[in-house]
$ cat data16.cif   # mmCIF, C-alpha atoms
data_upload
loop_
_atom_site.label_atom_id
_atom_site.label_comp_id
_atom_site.auth_asym_id
_atom_site.auth_seq_id
_atom_site.Cartn_x
_atom_site.Cartn_y
_atom_site.Cartn_z
CA MET A 1 91.24 117.44 74.36
CA LYS A 2 89.96 117.12 77.92
CA PRO A 3 86.65 115.47 78.70
CA GLU A 4 83.77 117.90 79.14
CA ALA A 5 80.33 117.24 80.59
CA GLN A 6 77.21 119.20 79.69
CA ILE A 7 73.50 118.83 80.40
CA LYS A 8 71.48 119.55 77.28
CA THR A 9 67.84 119.31 76.30
CA ALA A 10 67.10 116.61 73.76
CA THR A 11 66.03 117.80 70.33
CA LYS A 12 65.70 115.95 67.05
CA GLU A 13 68.82 117.65 65.71
CA LEU A 14 70.88 116.81 68.80
CA VAL A 15 69.73 113.19 69.02
CA GLU A 16 70.29 112.53 65.33
CA SER A 17 73.71 114.20 65.34
CA LEU A 18 74.79 111.95 68.21
CA LEU A 19 73.39 108.82 66.57
CA ALA A 20 75.29 109.71 63.40
CA MET A 21 78.44 109.11 65.47
CA ASN A 22 77.27 105.59 66.33
CA THR A 23 79.76 103.87 64.03
CA ALA A 24 81.62 101.50 66.35
CA ASN A 25 79.28 100.28 69.08
CA ARG A 26 77.86 96.97 70.29
CA GLY A 27 74.73 95.60 68.62
CA VAL A 28 71.46 97.30 69.44
CA ARG A 29 69.21 95.40 71.85
CA LYS A 30 65.61 96.14 70.95
CA THR A 31 64.29 95.19 74.37
CA ILE A 32 66.45 97.83 76.05
CA VAL A 33 65.23 100.52 73.66
CA GLU A 34 61.66 99.45 74.40
CA SER A 35 62.29 99.57 78.15
CA TYR A 36 63.69 103.10 77.99
CA SER A 37 60.77 104.11 75.76
CA ARG A 38 58.22 102.85 78.27
CA ASP A 39 59.89 104.85 81.05
CA ILE A 40 59.87 107.97 78.87
CA LYS A 41 56.18 107.56 78.01
CA ALA A 42 55.35 106.94 81.67
CA GLY A 43 57.08 110.18 82.69
CA LYS A 44 59.79 108.32 84.60
CA TRP A 45 62.88 109.42 82.67
CA LYS A 46 65.51 110.57 85.17
CA LEU A 47 68.66 112.61 84.66
CA THR A 48 71.51 110.62 86.20
CA ASN A 49 75.28 110.48 86.06
CA GLN A 50 74.90 107.93 83.26
CA GLY A 51 74.42 109.60 79.94
CA ILE A 52 75.89 109.92 76.47
CA GLY A 53 79.62 109.39 75.91
CA VAL A 54 81.52 110.62 72.84
CA THR A 55 85.22 110.00 72.21
CA SER A 56 87.74 112.66 71.23
CA ASN A 57 87.69 111.31 67.66
CA GLY A 58 83.92 111.72 67.35
CA VAL A 59 82.58 108.21 68.03
CA LEU A 60 79.54 107.49 70.19
CA ALA A 61 80.90 105.28 72.97
CA ASP A 62 77.89 105.01 75.27
CA GLY A 63 74.19 105.85 75.21
CA GLN A 64 72.93 104.50 71.89
CA HIS A 65 69.91 102.82 73.50
CA ARG A 66 68.90 106.00 75.33
CA LEU A 67 69.17 108.01 72.12
CA MET A 68 67.18 105.48 70.12
CA ALA A 69 64.46 105.53 72.78
CA LEU A 70 64.30 109.33 72.52
CA ARG A 71 63.97 108.97 68.76
CA ALA A 72 61.24 106.32 69.11
CA CYS A 73 59.27 108.62 71.43
CA GLY A 74 59.37 111.56 69.03
CA TYR A 75 62.31 113.46 70.56
CA PRO A 76 60.70 114.72 73.81
CA PRO A 77 62.61 117.71 75.31
CA LEU A 78 64.19 115.80 78.18
CA PRO A 79 67.52 116.61 79.86
CA ILE A 80 70.48 114.41 78.90
CA LEU A 81 74.04 114.36 80.15
CA ILE A 82 76.62 114.43 77.36
CA VAL A 83 80.31 113.80 78.02
CA THR A 84 82.67 114.54 75.14
CA GLY A 85 86.43 114.18 74.69
CA LEU A 86 86.67 110.65 76.10
CA ASP A 87 89.63 108.40 75.28
CA SER A 88 89.13 106.41 72.09
CA ASP A 89 89.37 103.11 73.98
CA VAL A 90 86.83 104.03 76.69
CA GLN A 91 84.39 101.34 75.51
CA ILE A 92 86.63 98.71 77.07
CA VAL A 93 85.59 99.83 80.55
CA VAL A 94 82.06 101.13 79.93
CA ASP A 95 79.57 98.91 81.83
CA ALA A 96 82.41 96.62 82.90
CA HIS A 97 81.95 97.08 86.64
CA ALA A 98 79.46 95.58 89.07
CA LYS A 99 75.86 96.38 88.21
CA ARG A 100 73.15 96.93 90.76
CA SER A 101 70.81 93.98 90.90
CA ALA A 102 67.05 94.39 90.74
CA ARG A 103 66.95 93.75 94.50
CA ASP A 104 69.52 96.51 95.07
CA LEU A 105 67.40 99.00 93.13
CA LEU A 106 64.25 97.95 94.96
CA HIS A 107 66.06 98.40 98.26
CA PHE A 108 66.74 102.02 97.29
CA ALA A 109 63.06 102.45 96.41
CA PHE A 110 61.46 100.78 99.44
CA GLY A 111 64.13 101.36 102.07
CA ALA A 112 64.39 97.66 102.92
CA ARG A 113 65.53 94.47 101.31
CA VAL A 114 62.70 92.79 99.45
CA ASN A 115 62.21 89.05 99.24
CA ARG A 116 64.70 87.53 96.81
CA SER A 117 61.85 86.17 94.68
CA ALA A 118 60.00 89.49 94.46
CA PRO A 119 61.60 90.82 91.25
CA ALA A 120 60.99 87.54 89.41
CA ILE A 121 57.40 87.33 90.65
CA ALA A 122 56.74 90.92 89.66
CA ASN A 123 58.24 90.34 86.23
CA VAL A 124 55.83 87.45 85.62
CA LEU A 125 52.86 89.52 86.80
CA ILE A 126 53.87 92.30 84.42
CA ARG A 127 54.09 89.83 81.54
CA VAL A 128 50.64 88.48 82.42
CA ALA A 129 49.22 92.01 82.37
CA LYS A 130 50.76 92.52 78.92
CA GLY A 131 49.31 89.30 77.56
CA TRP A 132 52.71 87.58 77.62
CA THR A 133 54.01 89.92 74.93
CA GLY A 134 56.82 92.48 74.92
CA GLY A 135 60.32 92.46 76.33
CA GLY A 136 61.70 92.68 79.84
CA SER A 137 60.36 94.88 82.60
CA THR A 138 61.85 98.24 83.52
CA ASN A 139 62.94 98.95 87.09
CA HIS A 140 60.05 101.41 87.45
CA GLU A 141 57.57 98.75 86.35
CA LEU A 142 59.04 96.28 88.82
CA MET A 143 58.84 98.80 91.66
CA ASP A 144 55.22 99.65 90.85
CA LYS A 145 54.18 96.00 90.65
CA ILE A 146 55.97 95.02 93.86
CA GLY A 147 54.37 97.98 95.58
CA ASP A 148 50.92 96.84 94.38
CA TYR A 149 51.51 93.21 95.43
CA SER A 150 53.68 93.68 98.53
CA HIS A 151 51.19 91.95 100.86
CA GLU A 152 50.58 89.06 98.47
CA ILE A 153 54.29 88.50 97.78
CA GLU A 154 55.14 88.54 101.48
CA THR A 155 52.34 86.10 102.30
CA ILE A 156 52.93 83.67 99.44
CA THR A 157 56.73 83.48 99.73
CA ALA A 158 56.41 82.72 103.45
CA ALA A 159 54.31 79.58 102.85
CA PRO A 160 56.79 77.09 101.28
CA LYS A 161 59.51 75.59 103.47
CA ASN A 162 61.85 75.29 100.49
CA GLU A 163 62.03 78.57 98.61
CA LYS A 164 63.44 76.78 95.56
CA PHE A 165 60.53 74.38 95.09
CA PHE A 166 58.27 76.83 93.26
CA ALA A 167 59.54 78.74 90.23
CA ALA A 168 58.44 82.37 89.94
CA PRO A 169 55.44 81.71 87.66
CA TYR A 170 53.83 79.46 90.28
CA LEU A 171 54.35 82.06 92.99
CA ALA A 172 53.03 84.81 90.71
CA ALA A 173 49.86 82.81 90.06
CA PHE A 174 49.35 82.27 93.79
CA CYS A 175 49.83 86.01 94.37
CA GLU A 176 47.29 86.91 91.70
CA VAL A 177 44.66 84.55 93.12
CA LEU A 178 45.31 85.86 96.63
CA LYS A 179 44.92 89.41 95.31
CA GLN A 180 41.43 88.52 94.11
CA ARG A 181 40.47 86.27 97.02
CA ASN A 182 42.20 87.54 100.14
CA GLU A 183 39.47 86.01 102.29
CA ASP A 184 40.83 82.60 101.26
CA VAL A 185 44.39 83.31 102.43
CA ASP A 186 44.51 80.35 104.85
CA ARG A 187 43.25 77.90 102.25
CA ILE A 188 45.68 79.25 99.66
CA CYS A 189 48.64 78.84 101.99
CA ASP A 190 47.45 75.34 102.92
CA PHE A 191 47.27 74.48 99.20
CA ILE A 192 50.87 75.65 98.71
CA VAL A 193 52.11 73.60 101.66
CA LYS A 194 50.36 70.46 100.40
CA VAL A 195 51.70 70.85 96.86
CA GLU A 196 55.22 71.20 98.24
CA SER A 197 55.05 68.33 100.74
CA GLY A 198 53.00 65.89 98.66
CA GLU A 199 51.63 64.33 101.84
CA LEU A 200 48.20 62.64 101.84
CA LEU A 201 47.44 63.62 98.25
CA THR A 202 45.13 61.61 96.03
CA LYS A 203 44.84 61.62 92.24
CA LYS A 204 41.60 63.61 92.33
CA MET A 205 43.12 66.54 94.19
CA PRO A 206 44.33 69.66 92.33
CA GLU A 207 47.37 69.71 94.64
CA PHE A 208 48.41 66.26 93.35
CA HIS A 209 48.27 67.33 89.71
CA LEU A 210 50.13 70.60 90.22
CA ARG A 211 52.83 68.86 92.24
CA ASN A 212 53.17 66.21 89.53
CA PHE A 213 53.49 68.85 86.82
CA ALA A 214 55.95 70.95 88.85
CA THR A 215 58.12 67.90 89.56
CA LEU A 216 58.17 66.66 85.98
CA SER A 217 58.88 70.10 84.50
CA LYS A 218 61.38 71.37 87.06
CA ASN A 219 64.31 71.01 84.65
CA SER A 220 62.52 72.70 81.75
CA SER A 221 63.94 75.92 80.38
CA GLY A 222 62.62 79.24 81.62
CA SER A 223 61.29 80.21 78.20
CA GLY A 224 58.20 82.35 77.82
CA THR A 225 56.13 79.34 76.82
CA VAL A 226 57.20 77.38 79.89
CA GLN A 227 56.57 80.35 82.19
CA ARG A 228 53.10 80.82 80.76
CA GLU A 229 52.23 77.13 81.20
CA ARG A 230 53.47 77.12 84.79
CA TYR A 231 51.49 80.24 85.64
CA LEU A 232 48.24 79.09 84.05
CA LYS A 233 48.37 75.59 85.52
CA ALA A 234 49.13 76.91 89.00
CA GLU A 235 46.27 79.40 88.72
CA LYS A 236 43.85 76.73 87.45
CA ALA A 237 44.77 74.19 90.12
CA LEU A 238 44.50 76.70 92.95
CA ILE A 239 41.13 78.03 91.80
CA ALA A 240 39.85 74.46 91.45
CA LYS A 241 40.90 73.83 95.05
CA LEU A 242 39.16 76.95 96.29
CA GLU A 243 36.02 75.96 94.38
CA ASN A 244 36.13 72.46 95.93
CA GLN A 245 36.50 70.84 92.51
CA GLU A 246 38.10 67.47 91.90
CA MET A 247 40.57 67.15 89.05
CA GLY A 248 41.41 64.31 86.70
CA VAL A 249 43.89 66.06 84.40
CA LEU A 250 45.52 69.47 84.72
CA ARG A 251 45.16 71.13 81.32
CA ILE A 252 45.14 74.74 80.20
#
$ encode --input "data16.cif" --output "structure tokens"
Amino acid sequence: MKPEAQIKTATKELVESLLAMNTANRGVRKTIVESYSRDIKAGKWKLTNQGIGVTSNGVLADGQHRLMALRACGYPPLPILIVTGLDSDVQIVVDAHAKRSARDLLHFAFGARVNRSAPAIANVLIRVAKGWTGGGSTNHELMDKIGDYSHEIETITAAPKNEKFFAAPYLAAFCEVLKQRNEDVDRICDFIVKVESGELLTKKMPEFHLRNFATLSKNSSGSGTVQRERYLKAEKALIAKLENQEMGVLRI
């Protein structure tokens, strides 16, 4: 049996018949299903060369997350590529090659390389907008957010001398404040420089307290709780600076 490729319109019957063949696949990752579902609901589902793979002995080899997303969205009539007649051991090589990074995909979207921190910053901003709930961000969500914050990301990432000093949540907080207070751009950049350098800081300055927190927590894990704390403390310290407020303790 030779492999055969067809483009078909998704229906409940088709999706369920393919999922019934899902008897020997890797574990389902809920976050991936949710990501595909968000793209479908946003009207950003695209027909690509990556689709549904079925072996010659009737086993679903690739595409279970796409199919489950179609099911979760109520079986919208979208086009899907189905390749049948694949070798029974095809799963060994599926997804085994080099994947495009988020920066690669954004390069295709914007026609230029974006700052290396942009995807991570955008991901934090998306999580903030969602109330720190939900799974990872889709490529479409990242592209939209980077497009919305392109000026802020470019400005903020240019301020530190050491691009590794600030983790993404700090940079995301700076971007959000700049988005709301663009007239304070010079003061915001000055704040960032002072936090990074630590020069001439006193214990009543917001810069001192954010630098102290960033230094003490630099080896903490990148868990959601840690990201949220970093974001909120950076936002609070920066706003305090812009409001000319002194600070004794940096709490959220």
$ closest_residue --input "data16.cif" --among "A:Asn115, A:Thr138, A:Ser17, A:Asn182" --to "Arg71 of chain A" --atoms "only C-alpha atoms"
A:Ser17
$ atom_distance --input "data16.cif" --atom1 "atom CA of Lys236 of chain A" --atom2 "atom CA of Ile192 of chain A"
13.3 Å
$ residues_around --input "data16.cif" --residues "segment 155-159 of chain A" --least-positions-apart "3" --cutoff "7 Å" --atoms "all atoms listed in the file" --output "mmCIF file with C-alpha atoms, in the frame of the given file"
data_model
loop_
_atom_site.group_PDB
_atom_site.id
_atom_site.type_symbol
_atom_site.label_atom_id
_atom_site.label_comp_id
_atom_site.auth_asym_id
_atom_site.auth_seq_id
_atom_site.Cartn_x
_atom_site.Cartn_y
_atom_site.Cartn_z
ATOM 1 C CA HIS A 151 51.190 91.950 100.860
ATOM 2 C CA GLU A 152 50.580 89.060 98.470
ATOM 3 C CA LEU A 171 54.350 82.060 92.990
ATOM 4 C CA PHE A 174 49.350 82.270 93.790
ATOM 5 C CA CYS A 175 49.830 86.010 94.370
ATOM 6 C CA CYS A 189 48.640 78.840 101.990
ATOM 7 C CA ILE A 192 50.870 75.650 98.710
ATOM 8 C CA VAL A 193 52.110 73.600 101.660
#
$ resolve_selection --input "data16.cif" --expression "the PyMOL selection byres ((chain A and resi 169) around 9)" --output "list in words"
Ala120, Ile121, Val124, Leu125, Phe166, Ala167, Ala168, Tyr170, Leu171, Ala172, Ala173, Phe174, Gln227, Arg228, Glu229, Arg230, Tyr231, Leu232 and Ala234 of chain A
$ residues_around --input "data16.cif" --residues "Pro3 of chain A" --least-positions-apart "5" --cutoff "8 Å" --atoms "only C-alpha atoms" --output "ChimeraX atom specification"
/A:83-86
$ resolve_selection --input "data16.cif" --expression "the PyMOL selection byres ((chain A and resi 21-24) around 8)" --output "ChimeraX atom specification"
/A:17-20,25-26,58-61,64
$ resolve_selection --input "data16.cif" --expression "the PyMOL selection byres ((chain A and resi 194-205) around 8)" --output "CSV table (one decimal) with C-alpha atoms, in the frame of the given file"
chain,number,residue,atom,x,y,z
A,160,PRO,CA,56.8,77.1,101.3
A,165,PHE,CA,60.5,74.4,95.1
A,190,ASP,CA,47.4,75.3,102.9
A,191,PHE,CA,47.3,74.5,99.2
A,192,ILE,CA,50.9,75.6,98.7
A,193,VAL,CA,52.1,73.6,101.7
A,206,PRO,CA,44.3,69.7,92.3
A,207,GLU,CA,47.4,69.7,94.6
A,208,PHE,CA,48.4,66.3,93.4
A,209,HIS,CA,48.3,67.3,89.7
A,210,LEU,CA,50.1,70.6,90.2
A,211,ARG,CA,52.8,68.9,92.2
A,241,LYS,CA,40.9,73.8,95.0
A,246,GLU,CA,38.1,67.5,91.9
A,247,MET,CA,40.6,67.2,89.0
A,248,GLY,CA,41.4,64.3,86.7
$ axis_aligned_box --input "data16.cif" --around "segment 40-53 of chain A" --padding-each-side "4 Å" --output "AutoDock Vina command-line options"
--center_x 67.5 --center_y 109.8 --center_z 81.1 --size_x 32.3 --size_y 13.7 --size_z 18.3
$ closest_residue --input "data16.cif" --among "A:Thr55, A:Asn139, A:Thr133, A:Asn123" --to "Ile82 of chain A" --atoms "only C-alpha atoms"
A:Thr55
$ closest_residue --input "data16.cif" --among "A:Ser150, A:Ser217, A:Ser137, A:Thr225" --to "Ser35 of chain A" --atoms "all atoms listed in the file"
A:Ser137
$ closest_residue --input "data16.cif" --among "A:Gln6, A:Gln245, A:Gln180, A:Ser221" --to "Ile52 of chain A" --atoms "all atoms listed in the file"
A:Gln6
$ atom_distance --input "data16.cif" --atom1 "atom CA of Arg66 of chain A" --atom2 "atom CA of Tyr36 of chain A"
6.5 Å
$ atom_distance --input "data16.cif" --atom1 "atom CA of Ala118 of chain A" --atom2 "atom CA of Ala69 of chain A"
27.3 Å
